[in-house]
file upload01.pdb (PDB, C-alpha atoms and all ligand atoms)
ATOM      1  CA  MET X   1      -9.187 123.398 -73.215  1.00  0.00           C
ATOM      2  CA  PRO X   2     -10.692 120.021 -74.037  1.00  0.00           C
ATOM      3  CA  THR X   3     -12.601 118.163 -71.347  1.00  0.00           C
ATOM      4  CA  ILE X   4     -10.840 114.921 -70.453  1.00  0.00           C
ATOM      5  CA  ASN X   5     -12.729 112.235 -68.580  1.00  0.00           C
ATOM      6  CA  ALA X   6      -9.933 109.870 -67.526  1.00  0.00           C
ATOM      7  CA  SER X   7     -12.160 107.136 -66.088  1.00  0.00           C
ATOM      8  CA  ALA X   8     -14.322 107.030 -69.218  1.00  0.00           C
ATOM      9  CA  ARG X   9     -11.135 107.442 -71.320  1.00  0.00           C
ATOM     10  CA  ARG X  10     -12.872 110.156 -73.333  1.00  0.00           C
ATOM     11  CA  ILE X  11     -11.737 113.550 -74.618  1.00  0.00           C
ATOM     12  CA  ARG X  12     -14.224 116.213 -75.722  1.00  0.00           C
ATOM     13  CA  VAL X  13     -13.193 118.957 -78.093  1.00  0.00           C
ATOM     14  CA  LYS X  14     -15.303 122.064 -78.731  1.00  0.00           C
ATOM     15  CA  ILE X  15     -15.527 123.729 -82.149  1.00  0.00           C
ATOM     16  CA  VAL X  16     -17.508 126.978 -82.488  1.00  0.00           C
ATOM     17  CA  TYR X  17     -18.818 128.494 -85.710  1.00  0.00           C
ATOM     18  CA  TYR X  18     -18.754 132.277 -85.275  1.00  0.00           C
ATOM     19  CA  GLY X  19     -19.716 135.140 -87.576  1.00  0.00           C
ATOM     20  CA  ALA X  20     -22.162 137.931 -88.352  1.00  0.00           C
ATOM     21  CA  GLY X  21     -25.918 137.420 -88.395  1.00  0.00           C
ATOM     22  CA  LEU X  22     -27.135 135.411 -91.407  1.00  0.00           C
ATOM     23  CA  SER X  23     -23.598 134.548 -92.557  1.00  0.00           C
ATOM     24  CA  GLY X  24     -24.559 130.853 -92.739  1.00  0.00           C
ATOM     25  CA  LYS X  25     -23.428 129.302 -89.441  1.00  0.00           C
ATOM     26  CA  THR X  26     -26.595 127.268 -88.840  1.00  0.00           C
ATOM     27  CA  THR X  27     -26.604 126.165 -92.479  1.00  0.00           C
ATOM     28  CA  ASN X  28     -23.028 124.881 -92.057  1.00  0.00           C
ATOM     29  CA  LEU X  29     -23.964 122.838 -89.011  1.00  0.00           C
ATOM     30  CA  GLU X  30     -27.110 121.421 -90.596  1.00  0.00           C
ATOM     31  CA  LYS X  31     -25.213 120.282 -93.701  1.00  0.00           C
ATOM     32  CA  LEU X  32     -22.361 118.922 -91.615  1.00  0.00           C
ATOM     33  CA  HIS X  33     -24.757 116.950 -89.442  1.00  0.00           C
ATOM     34  CA  LEU X  34     -26.326 115.389 -92.535  1.00  0.00           C
ATOM     35  CA  HIS X  35     -22.888 114.503 -93.862  1.00  0.00           C
ATOM     36  CA  TYR X  36     -21.814 112.560 -90.760  1.00  0.00           C
ATOM     37  CA  PRO X  37     -22.679 108.843 -90.807  1.00  0.00           C
ATOM     38  CA  SER X  38     -25.594 108.301 -88.390  1.00  0.00           C
ATOM     39  CA  ASP X  39     -23.472 105.981 -86.205  1.00  0.00           C
ATOM     40  CA  ASN X  40     -20.952 108.786 -85.634  1.00  0.00           C
ATOM     41  CA  ARG X  41     -23.276 111.647 -84.748  1.00  0.00           C
ATOM     42  CA  GLY X  42     -25.683 112.592 -82.007  1.00  0.00           C
ATOM     43  CA  ASP X  43     -28.936 114.466 -82.517  1.00  0.00           C
ATOM     44  CA  MET X  44     -28.759 118.065 -83.642  1.00  0.00           C
ATOM     45  CA  VAL X  45     -30.200 120.638 -81.289  1.00  0.00           C
ATOM     46  CA  VAL X  46     -31.383 123.828 -83.007  1.00  0.00           C
ATOM     47  CA  LEU X  47     -32.572 126.665 -80.802  1.00  0.00           C
ATOM     48  CA  ASP X  48     -33.973 129.298 -83.108  1.00  0.00           C
ATOM     49  CA  THR X  49     -36.743 131.869 -83.268  1.00  0.00           C
ATOM     50  CA  GLU X  50     -39.820 131.742 -85.480  1.00  0.00           C
ATOM     51  CA  SER X  51     -37.864 133.502 -88.202  1.00  0.00           C
ATOM     52  CA  GLU X  52     -35.145 130.817 -88.035  1.00  0.00           C
ATOM     53  CA  ARG X  53     -32.565 133.156 -86.547  1.00  0.00           C
ATOM     54  CA  THR X  54     -30.486 131.401 -83.912  1.00  0.00           C
ATOM     55  CA  LEU X  55     -31.621 132.389 -80.422  1.00  0.00           C
ATOM     56  CA  PHE X  56     -29.121 130.468 -78.268  1.00  0.00           C
ATOM     57  CA  PHE X  57     -26.995 128.094 -80.310  1.00  0.00           C
ATOM     58  CA  ASP X  58     -27.084 125.019 -82.532  1.00  0.00           C
ATOM     59  CA  TYR X  59     -25.236 121.939 -81.416  1.00  0.00           C
ATOM     60  CA  PHE X  60     -24.405 118.364 -82.288  1.00  0.00           C
ATOM     61  CA  PRO X  61     -21.780 115.898 -81.070  1.00  0.00           C
ATOM     62  CA  ALA X  62     -19.706 113.694 -83.375  1.00  0.00           C
ATOM     63  CA  HIS X  63     -17.686 110.644 -82.367  1.00  0.00           C
ATOM     64  CA  LEU X  64     -14.397 110.454 -84.205  1.00  0.00           C
ATOM     65  CA  GLY X  65     -12.466 107.412 -83.073  1.00  0.00           C
ATOM     66  CA  LYS X  66      -9.347 107.569 -80.902  1.00  0.00           C
ATOM     67  CA  LEU X  67      -6.835 110.240 -79.973  1.00  0.00           C
ATOM     68  CA  GLY X  68      -3.873 109.073 -77.880  1.00  0.00           C
ATOM     69  CA  GLY X  69      -5.847 106.075 -76.612  1.00  0.00           C
ATOM     70  CA  LEU X  70      -8.836 108.241 -75.641  1.00  0.00           C
ATOM     71  CA  THR X  71     -12.201 108.239 -77.416  1.00  0.00           C
ATOM     72  CA  LEU X  72     -12.574 111.562 -79.219  1.00  0.00           C
ATOM     73  CA  GLN X  73     -15.887 113.420 -79.166  1.00  0.00           C
ATOM     74  CA  VAL X  74     -16.217 116.700 -81.028  1.00  0.00           C
ATOM     75  CA  ASP X  75     -18.940 119.123 -79.961  1.00  0.00           C
ATOM     76  CA  PHE X  76     -19.922 121.477 -82.789  1.00  0.00           C
ATOM     77  CA  PHE X  77     -21.650 124.741 -81.828  1.00  0.00           C
ATOM     78  CA  THR X  78     -22.877 127.896 -83.553  1.00  0.00           C
ATOM     79  CA  VAL X  79     -23.443 131.258 -81.901  1.00  0.00           C
ATOM     80  CA  PRO X  80     -26.356 133.617 -82.574  1.00  0.00           C
ATOM     81  CA  GLY X  81     -25.074 136.362 -84.883  1.00  0.00           C
ATOM     82  CA  GLN X  82     -27.550 139.083 -83.965  1.00  0.00           C
ATOM     83  CA  SER X  83     -25.833 141.823 -81.980  1.00  0.00           C
ATOM     84  CA  PHE X  84     -28.115 141.715 -78.911  1.00  0.00           C
ATOM     85  CA  TYR X  85     -27.239 138.085 -78.101  1.00  0.00           C
ATOM     86  CA  ASN X  86     -23.702 138.865 -77.021  1.00  0.00           C
ATOM     87  CA  THR X  87     -23.977 137.255 -73.593  1.00  0.00           C
ATOM     88  CA  THR X  88     -24.958 133.979 -75.246  1.00  0.00           C
ATOM     89  CA  ARG X  89     -22.086 134.249 -77.728  1.00  0.00           C
ATOM     90  CA  THR X  90     -19.626 134.670 -74.869  1.00  0.00           C
ATOM     91  CA  SER X  91     -21.088 131.665 -73.016  1.00  0.00           C
ATOM     92  CA  VAL X  92     -20.832 129.460 -76.097  1.00  0.00           C
ATOM     93  CA  LEU X  93     -17.162 130.446 -76.489  1.00  0.00           C
ATOM     94  CA  ARG X  94     -16.280 129.223 -73.002  1.00  0.00           C
ATOM     95  CA  GLY X  95     -13.813 126.330 -73.301  1.00  0.00           C
ATOM     96  CA  VAL X  96     -13.549 126.595 -77.102  1.00  0.00           C
ATOM     97  CA  ASP X  97     -10.740 124.583 -78.755  1.00  0.00           C
ATOM     98  CA  GLY X  98     -11.159 125.697 -82.383  1.00  0.00           C
ATOM     99  CA  ILE X  99     -13.089 128.409 -84.230  1.00  0.00           C
ATOM    100  CA  VAL X 100     -14.532 128.633 -87.741  1.00  0.00           C
ATOM    101  CA  PHE X 101     -15.182 132.251 -88.664  1.00  0.00           C
ATOM    102  CA  VAL X 102     -17.983 132.158 -91.248  1.00  0.00           C
ATOM    103  CA  ALA X 103     -17.672 135.357 -93.289  1.00  0.00           C
ATOM    104  CA  ASP X 104     -20.498 136.457 -95.581  1.00  0.00           C
ATOM    105  CA  SER X 105     -19.251 137.283 -99.097  1.00  0.00           C
ATOM    106  CA  SER X 106     -22.290 139.497 -99.817  1.00  0.00           C
ATOM    107  CA  PRO X 107     -21.114 142.972-100.842  1.00  0.00           C
ATOM    108  CA  ASP X 108     -23.193 144.700 -98.160  1.00  0.00           C
ATOM    109  CA  ARG X 109     -21.786 142.567 -95.300  1.00  0.00           C
ATOM    110  CA  GLU X 110     -18.224 143.896 -95.186  1.00  0.00           C
ATOM    111  CA  VAL X 111     -18.755 145.955 -92.044  1.00  0.00           C
ATOM    112  CA  ALA X 112     -20.823 143.216 -90.372  1.00  0.00           C
ATOM    113  CA  ASN X 113     -18.007 140.711 -90.915  1.00  0.00           C
ATOM    114  CA  GLU X 114     -15.435 143.075 -89.428  1.00  0.00           C
ATOM    115  CA  MET X 115     -17.622 143.916 -86.450  1.00  0.00           C
ATOM    116  CA  SER X 116     -18.227 140.242 -85.753  1.00  0.00           C
ATOM    117  CA  LEU X 117     -14.512 139.447 -85.853  1.00  0.00           C
ATOM    118  CA  ASP X 118     -13.783 142.342 -83.476  1.00  0.00           C
ATOM    119  CA  ASN X 119     -16.574 141.100 -81.225  1.00  0.00           C
ATOM    120  CA  LEU X 120     -15.033 137.613 -81.225  1.00  0.00           C
ATOM    121  CA  GLY X 121     -11.709 139.023 -80.015  1.00  0.00           C
ATOM    122  CA  VAL X 122     -13.346 141.097 -77.278  1.00  0.00           C
ATOM    123  CA  ASN X 123     -15.499 138.211 -76.047  1.00  0.00           C
ATOM    124  CA  LEU X 124     -12.511 135.884 -75.873  1.00  0.00           C
ATOM    125  CA  GLU X 125     -10.641 138.523 -73.871  1.00  0.00           C
ATOM    126  CA  THR X 126     -13.462 138.651 -71.325  1.00  0.00           C
ATOM    127  CA  LEU X 127     -12.906 134.890 -70.939  1.00  0.00           C
ATOM    128  CA  GLY X 128      -9.169 135.427 -70.460  1.00  0.00           C
ATOM    129  CA  ARG X 129      -8.311 134.004 -73.887  1.00  0.00           C
ATOM    130  CA  ARG X 130      -6.589 135.430 -76.984  1.00  0.00           C
ATOM    131  CA  LEU X 131      -7.811 134.772 -80.517  1.00  0.00           C
ATOM    132  CA  ASP X 132      -4.196 134.433 -81.667  1.00  0.00           C
ATOM    133  CA  ASP X 133      -3.757 131.412 -79.371  1.00  0.00           C
ATOM    134  CA  ILE X 134      -6.761 129.472 -80.693  1.00  0.00           C
ATOM    135  CA  PRO X 135      -6.864 127.417 -83.916  1.00  0.00           C
ATOM    136  CA  LEU X 136      -8.907 129.410 -86.425  1.00  0.00           C
ATOM    137  CA  VAL X 137     -10.182 128.844 -89.971  1.00  0.00           C
ATOM    138  CA  PHE X 138     -11.835 131.481 -92.143  1.00  0.00           C
ATOM    139  CA  GLN X 139     -14.668 130.288 -94.328  1.00  0.00           C
ATOM    140  CA  TRP X 140     -15.635 132.626 -97.159  1.00  0.00           C
ATOM    141  CA  ASN X 141     -19.276 131.631 -97.429  1.00  0.00           C
ATOM    142  CA  LYS X 142     -21.954 132.588 -99.969  1.00  0.00           C
ATOM    143  CA  ARG X 143     -19.530 132.560-102.907  1.00  0.00           C
ATOM    144  CA  ASP X 144     -22.630 132.235-105.123  1.00  0.00           C
ATOM    145  CA  VAL X 145     -24.078 135.688-104.374  1.00  0.00           C
ATOM    146  CA  PRO X 146     -24.000 138.308-107.157  1.00  0.00           C
ATOM    147  CA  GLY X 147     -21.089 140.710-106.720  1.00  0.00           C
ATOM    148  CA  ALA X 148     -19.453 138.529-104.051  1.00  0.00           C
ATOM    149  CA  ILE X 149     -16.550 140.342-102.381  1.00  0.00           C
ATOM    150  CA  ALA X 150     -13.270 139.032-103.842  1.00  0.00           C
ATOM    151  CA  THR X 151     -11.610 136.477-101.566  1.00  0.00           C
ATOM    152  CA  SER X 152      -8.397 138.530-101.713  1.00  0.00           C
ATOM    153  CA  VAL X 153     -10.312 141.477-100.239  1.00  0.00           C
ATOM    154  CA  LEU X 154     -11.925 139.340 -97.521  1.00  0.00           C
ATOM    155  CA  SER X 155      -8.533 137.923 -96.725  1.00  0.00           C
ATOM    156  CA  LYS X 156      -6.947 141.355 -96.405  1.00  0.00           C
ATOM    157  CA  GLN X 157      -9.792 142.737 -94.318  1.00  0.00           C
ATOM    158  CA  LEU X 158     -10.251 139.845 -91.928  1.00  0.00           C
ATOM    159  CA  ASN X 159      -7.373 137.392 -91.961  1.00  0.00           C
ATOM    160  CA  ARG X 160      -4.562 139.439 -90.489  1.00  0.00           C
ATOM    161  CA  ARG X 161      -2.829 136.447 -88.931  1.00  0.00           C
ATOM    162  CA  GLY X 162      -2.663 134.309 -92.086  1.00  0.00           C
ATOM    163  CA  ALA X 163      -4.993 131.567 -90.822  1.00  0.00           C
ATOM    164  CA  PRO X 164      -6.210 128.866 -93.259  1.00  0.00           C
ATOM    165  CA  GLU X 165      -9.002 130.008 -95.583  1.00  0.00           C
ATOM    166  CA  ILE X 166     -11.639 128.085 -97.497  1.00  0.00           C
ATOM    167  CA  GLU X 167     -14.464 129.034 -99.877  1.00  0.00           C
ATOM    168  CA  ALA X 168     -17.990 127.702 -99.421  1.00  0.00           C
ATOM    169  CA  VAL X 169     -21.563 127.766-100.606  1.00  0.00           C
ATOM    170  CA  ALA X 170     -22.970 126.283 -97.424  1.00  0.00           C
ATOM    171  CA  VAL X 171     -26.542 126.267 -98.666  1.00  0.00           C
ATOM    172  CA  LYS X 172     -25.459 123.742-101.324  1.00  0.00           C
ATOM    173  CA  GLY X 173     -23.137 121.929 -98.914  1.00  0.00           C
ATOM    174  CA  THR X 174     -20.073 123.033-100.876  1.00  0.00           C
ATOM    175  CA  GLY X 175     -16.993 123.448 -98.701  1.00  0.00           C
ATOM    176  CA  VAL X 176     -18.798 122.503 -95.490  1.00  0.00           C
ATOM    177  CA  TRP X 177     -17.088 119.150 -94.921  1.00  0.00           C
ATOM    178  CA  GLU X 178     -13.698 120.523 -95.983  1.00  0.00           C
ATOM    179  CA  THR X 179     -14.057 123.408 -93.507  1.00  0.00           C
ATOM    180  CA  GLN X 180     -14.563 121.095 -90.544  1.00  0.00           C
ATOM    181  CA  LYS X 181     -11.719 118.864 -91.721  1.00  0.00           C
ATOM    182  CA  LEU X 182      -9.448 121.887 -91.776  1.00  0.00           C
ATOM    183  CA  ILE X 183     -10.413 123.162 -88.327  1.00  0.00           C
ATOM    184  CA  LEU X 184     -10.287 119.674 -86.774  1.00  0.00           C
ATOM    185  CA  GLY X 185      -6.848 119.034 -88.252  1.00  0.00           C
ATOM    186  CA  HIS X 186      -5.476 122.269 -86.791  1.00  0.00           C
ATOM    187  CA  THR X 187      -7.244 121.833 -83.466  1.00  0.00           C
ATOM    188  CA  ILE X 188      -6.023 118.278 -82.952  1.00  0.00           C
ATOM    189  CA  GLU X 189      -2.468 119.267 -83.891  1.00  0.00           C
ATOM    190  CA  ALA X 190      -2.622 122.071 -81.308  1.00  0.00           C
ATOM    191  CA  LEU X 191      -3.906 119.663 -78.649  1.00  0.00           C
ATOM    192  CA  LYS X 192      -1.156 117.161 -79.403  1.00  0.00           C
ATOM    193  CA  ARG X 193       1.410 119.956 -78.990  1.00  0.00           C
ATOM    194  CA  GLN X 194      -0.156 120.941 -75.653  1.00  0.00           C
ATOM    195  CA  PHE X 195      -0.105 117.336 -74.424  1.00  0.00           C
ATOM    196  CA  ALA X 196       3.509 116.896 -75.534  1.00  0.00           C
ATOM    197  CA  GLN X 197       4.512 120.092 -73.680  1.00  0.00           C
ATOM    198  CA  LYS X 198       2.762 118.919 -70.513  1.00  0.00           C
ATOM    199  CA  ARG X 199       4.420 115.525 -70.730  1.00  0.00           C
ATOM    200  CA  GLY X 200       7.762 117.266 -71.233  1.00  0.00           C
ATOM    201  CA  ALA X 201       7.128 119.443 -68.175  1.00  0.00           C
ATOM    202  CA  VAL X 202       6.386 116.393 -66.008  1.00  0.00           C
ATOM    203  CA  THR X 203       9.387 114.294 -67.069  1.00  0.00           C
TER     204      THR X 203
HETATM  205  N1  LIG X 301     -26.916 132.382-101.337  1.00  0.00           N
HETATM  206  C1  LIG X 301     -26.516 131.736-100.241  1.00  0.00           C
HETATM  207  N2  LIG X 301     -27.288 131.753 -99.150  1.00  0.00           N
HETATM  208  C2  LIG X 301     -26.841 131.089 -98.058  1.00  0.00           C
HETATM  209  C3  LIG X 301     -25.603 130.383 -98.029  1.00  0.00           C
HETATM  210  N3  LIG X 301     -25.445 129.846 -96.810  1.00  0.00           N
HETATM  211  C4  LIG X 301     -26.526 130.194 -96.092  1.00  0.00           C
HETATM  212  N4  LIG X 301     -27.378 130.940 -96.834  1.00  0.00           N
HETATM  213  C5  LIG X 301     -28.667 131.498 -96.449  1.00  0.00           C
HETATM  214  O1  LIG X 301     -28.468 132.589 -95.551  1.00  0.00           O
HETATM  215  C6  LIG X 301     -29.539 132.668 -94.622  1.00  0.00           C
HETATM  216  C7  LIG X 301     -28.998 132.671 -93.209  1.00  0.00           C
HETATM  217  O2  LIG X 301     -28.395 131.400 -92.954  1.00  0.00           O
HETATM  218  P1  LIG X 301     -28.183 130.845 -91.468  1.00  0.00           P
HETATM  219  O3  LIG X 301     -27.401 129.608 -91.588  1.00  0.00           O
HETATM  220  O4  LIG X 301     -29.477 130.798 -90.745  1.00  0.00           O
HETATM  221  O5  LIG X 301     -27.312 132.017 -90.862  1.00  0.00           O
HETATM  222  P2  LIG X 301     -26.738 132.183 -89.376  1.00  0.00           P
HETATM  223  O6  LIG X 301     -25.345 132.647 -89.524  1.00  0.00           O
HETATM  224  O7  LIG X 301     -26.965 130.951 -88.594  1.00  0.00           O
HETATM  225  O8  LIG X 301     -27.657 133.368 -88.811  1.00  0.00           O
HETATM  226  P3  LIG X 301     -27.919 133.787 -87.252  1.00  0.00           P
HETATM  227  O9  LIG X 301     -28.337 132.547 -86.546  1.00  0.00           O
HETATM  228  O10 LIG X 301     -28.956 134.821 -87.285  1.00  0.00           O
HETATM  229  O11 LIG X 301     -26.621 134.318 -86.751  1.00  0.00           O
HETATM  230  C8  LIG X 301     -30.471 131.494 -94.918  1.00  0.00           C
HETATM  231  O12 LIG X 301     -31.511 131.947 -95.744  1.00  0.00           O
HETATM  232  C9  LIG X 301     -29.560 130.519 -95.691  1.00  0.00           C
HETATM  233  O13 LIG X 301     -30.266 129.676 -96.580  1.00  0.00           O
HETATM  234  C10 LIG X 301     -24.817 130.382 -99.229  1.00  0.00           C
HETATM  235  O14 LIG X 301     -23.722 129.804 -99.321  1.00  0.00           O
HETATM  236  N5  LIG X 301     -25.317 131.075-100.295  1.00  0.00           N
HETATM  237 MG    MG X 302     -27.946 130.575 -86.868  1.00  0.00          MG
END

call {"tool": "encode", "arguments": {"input": "upload01.pdb", "output": "structure tokens", "more": "lines below"}}
Ligand SMILES: Nc1nc2c(ncn2[C@@H]2O[C@H](COP(=O)(O)OP(=O)(O)OP(=O)(O)O)[C@@H](O)[C@H]2O)c(=O)[nH]1
Ligand SMILES: [Mg+2]
result
Amino acid sequence: MPTINASARRIRVKIVYYGAGLSGKTTNLEKLHLHYPSDNRGDMVVLDTESERTLFFDYFPAHLGKLGGLTLQVDFFTVPGQSFYNTTRTSVLRGVDGIVFVADSSPDREVANEMSLDNLGVNLETLGRRLDDIPLVFQWNKRDVPGAIATSVLSKQLNRRGAPEIEAVAVKGTGVWETQKLILGHTIEALKRQFAQKRGAVT
């Protein structure tokens, strides 16, 4: 659920980039941060190891104008993909409003993608949430790698619920902006529906 600060008239929405180790989550956030006008973004926090693998998370806030009279802030996060950081992944998911699943198109990452998606579902369950209830976008990243897995195969393997899909080469910035537009669009629509339902329940 978004955090609403009524006195400050501000709403904060949380978007998490999830996926297997080295799938390109940090690269997405770095390129996205660069793309945002400096007046609309806060500093990017990158917590990585010496080998540039994410240790805790990456984060930056973006300020996106108004939603229903409230100032909208979007908090973008990544999780660490390496298997032994599962506690951190679960913590980052707490309160998530929308998820980008960054799948690696490299031919040897099929199993890693599937395991990460399963792990996402399990971690959400431990938080009392269901993946099916949360806006989700699949990004097929690393479309430039030799022998990239066909998008139709990725789709069949991972996207069982027919969520929106988008191709990307995050390292070149391709598809990065479009991915966040897609997830924000779906997340904000879902929030508007929730608000409308609540209003309906009150009246
Ligand atoms: N060829 C190619 N390489 C990419 C692409 N996107 C990211 N990479 C590279 O993949 C490697 C891993 O990228 P990261 O963004 O650090 O991956 P991550 O998902 O954050 O990894 P963890 O933090 O360990 O979970 C880096 O060397 C990136 O430059 C892409 O679209 N194509
Ligand atoms: Mg990372």

call {"tool": "resolve_selection", "arguments": {"input": "upload01.pdb", "expression": "the PyMOL selection byres (((chain X and resi 168-182) around 12) and not hetatm)", "output": "VMD selection string"}}
result
chain X and resid 14 to 17 22 to 36 62 64 74 to 77 98 to 106 135 to 145 148 151 163 to 167 183 to 189

call {"tool": "write_last_selection", "arguments": {"input": "upload01.pdb", "atoms": "C-alpha atoms", "output": "CSV table (one decimal), in the frame of the given file"}}
result
chain,number,residue,atom,x,y,z
X,14,LYS,CA,-15.3,122.1,-78.7
X,15,ILE,CA,-15.5,123.7,-82.1
X,16,VAL,CA,-17.5,127.0,-82.5
X,17,TYR,CA,-18.8,128.5,-85.7
X,22,LEU,CA,-27.1,135.4,-91.4
X,23,SER,CA,-23.6,134.5,-92.6
X,24,GLY,CA,-24.6,130.9,-92.7
X,25,LYS,CA,-23.4,129.3,-89.4
X,26,THR,CA,-26.6,127.3,-88.8
X,27,THR,CA,-26.6,126.2,-92.5
X,28,ASN,CA,-23.0,124.9,-92.1
X,29,LEU,CA,-24.0,122.8,-89.0
X,30,GLU,CA,-27.1,121.4,-90.6
X,31,LYS,CA,-25.2,120.3,-93.7
X,32,LEU,CA,-22.4,118.9,-91.6
X,33,HIS,CA,-24.8,117.0,-89.4
X,34,LEU,CA,-26.3,115.4,-92.5
X,35,HIS,CA,-22.9,114.5,-93.9
X,36,TYR,CA,-21.8,112.6,-90.8
X,62,ALA,CA,-19.7,113.7,-83.4
X,64,LEU,CA,-14.4,110.5,-84.2
X,74,VAL,CA,-16.2,116.7,-81.0
X,75,ASP,CA,-18.9,119.1,-80.0
X,76,PHE,CA,-19.9,121.5,-82.8
X,77,PHE,CA,-21.6,124.7,-81.8
X,98,GLY,CA,-11.2,125.7,-82.4
X,99,ILE,CA,-13.1,128.4,-84.2
X,100,VAL,CA,-14.5,128.6,-87.7
X,101,PHE,CA,-15.2,132.3,-88.7
X,102,VAL,CA,-18.0,132.2,-91.2
X,103,ALA,CA,-17.7,135.4,-93.3
X,104,ASP,CA,-20.5,136.5,-95.6
X,105,SER,CA,-19.3,137.3,-99.1
X,106,SER,CA,-22.3,139.5,-99.8
X,135,PRO,CA,-6.9,127.4,-83.9
X,136,LEU,CA,-8.9,129.4,-86.4
X,137,VAL,CA,-10.2,128.8,-90.0
X,138,PHE,CA,-11.8,131.5,-92.1
X,139,GLN,CA,-14.7,130.3,-94.3
X,140,TRP,CA,-15.6,132.6,-97.2
X,141,ASN,CA,-19.3,131.6,-97.4
X,142,LYS,CA,-22.0,132.6,-100.0
X,143,ARG,CA,-19.5,132.6,-102.9
X,144,ASP,CA,-22.6,132.2,-105.1
X,145,VAL,CA,-24.1,135.7,-104.4
X,148,ALA,CA,-19.5,138.5,-104.1
X,151,THR,CA,-11.6,136.5,-101.6
X,163,ALA,CA,-5.0,131.6,-90.8
X,164,PRO,CA,-6.2,128.9,-93.3
X,165,GLU,CA,-9.0,130.0,-95.6
X,166,ILE,CA,-11.6,128.1,-97.5
X,167,GLU,CA,-14.5,129.0,-99.9
X,183,ILE,CA,-10.4,123.2,-88.3
X,184,LEU,CA,-10.3,119.7,-86.8
X,185,GLY,CA,-6.8,119.0,-88.3
X,186,HIS,CA,-5.5,122.3,-86.8
X,187,THR,CA,-7.2,121.8,-83.5
X,188,ILE,CA,-6.0,118.3,-83.0
X,189,GLU,CA,-2.5,119.3,-83.9

call {"tool": "closest_residue", "arguments": {"input": "upload01.pdb", "among": "X:Ser51, X:Gln73, X:Gly128, X:Gly21", "to": "Tyr85 of chain X", "atoms": "only C-alpha atoms"}}
result
X:Gly21

call {"tool": "closest_residue", "arguments": {"input": "upload01.pdb", "among": "X:Asn113, X:Thr87, X:Thr54, X:Gln157", "to": "Ala20 of chain X", "atoms": "all atoms listed in the file"}}
result
X:Asn113

call {"tool": "resolve_selection", "arguments": {"input": "upload01.pdb", "expression": "the PyMOL selection byres (((chain X and resi 11) around 7) and not hetatm)", "output": "PyMOL selection string"}}
result
chain X and resi 2-5+9-10+12-13+70-73

call {"tool": "resolve_selection", "arguments": {"input": "upload01.pdb", "expression": "the PyMOL selection byres (((chain X and resi 117-126) around 8) and not hetatm)", "output": "ChimeraX atom specification"}}
result
/X:18-19,89-90,93,101,113-116,127-131,158

call {"tool": "closest_residue", "arguments": {"input": "upload01.pdb", "among": "X:Leu47, X:Tyr59, X:Ser38, X:Gln82", "to": "ligand LIG 301 (chain X)", "atoms": "all atoms listed in the file"}}
result
X:Gln82

call {"tool": "closest_residue", "arguments": {"input": "upload01.pdb", "among": "X:Ser155, X:Ser91, X:Thr78, X:Asn40", "to": "ligand MG 302 (chain X)", "atoms": "only C-alpha atoms and all ligand atoms"}}
result
X:Thr78

call {"tool": "closest_residue", "arguments": {"input": "upload01.pdb", "among": "X:Arg109, X:Arg53, X:Lys156, X:Arg94", "to": "ligand LIG 301 (chain X)", "atoms": "all atoms listed in the file"}}
result
X:Arg53
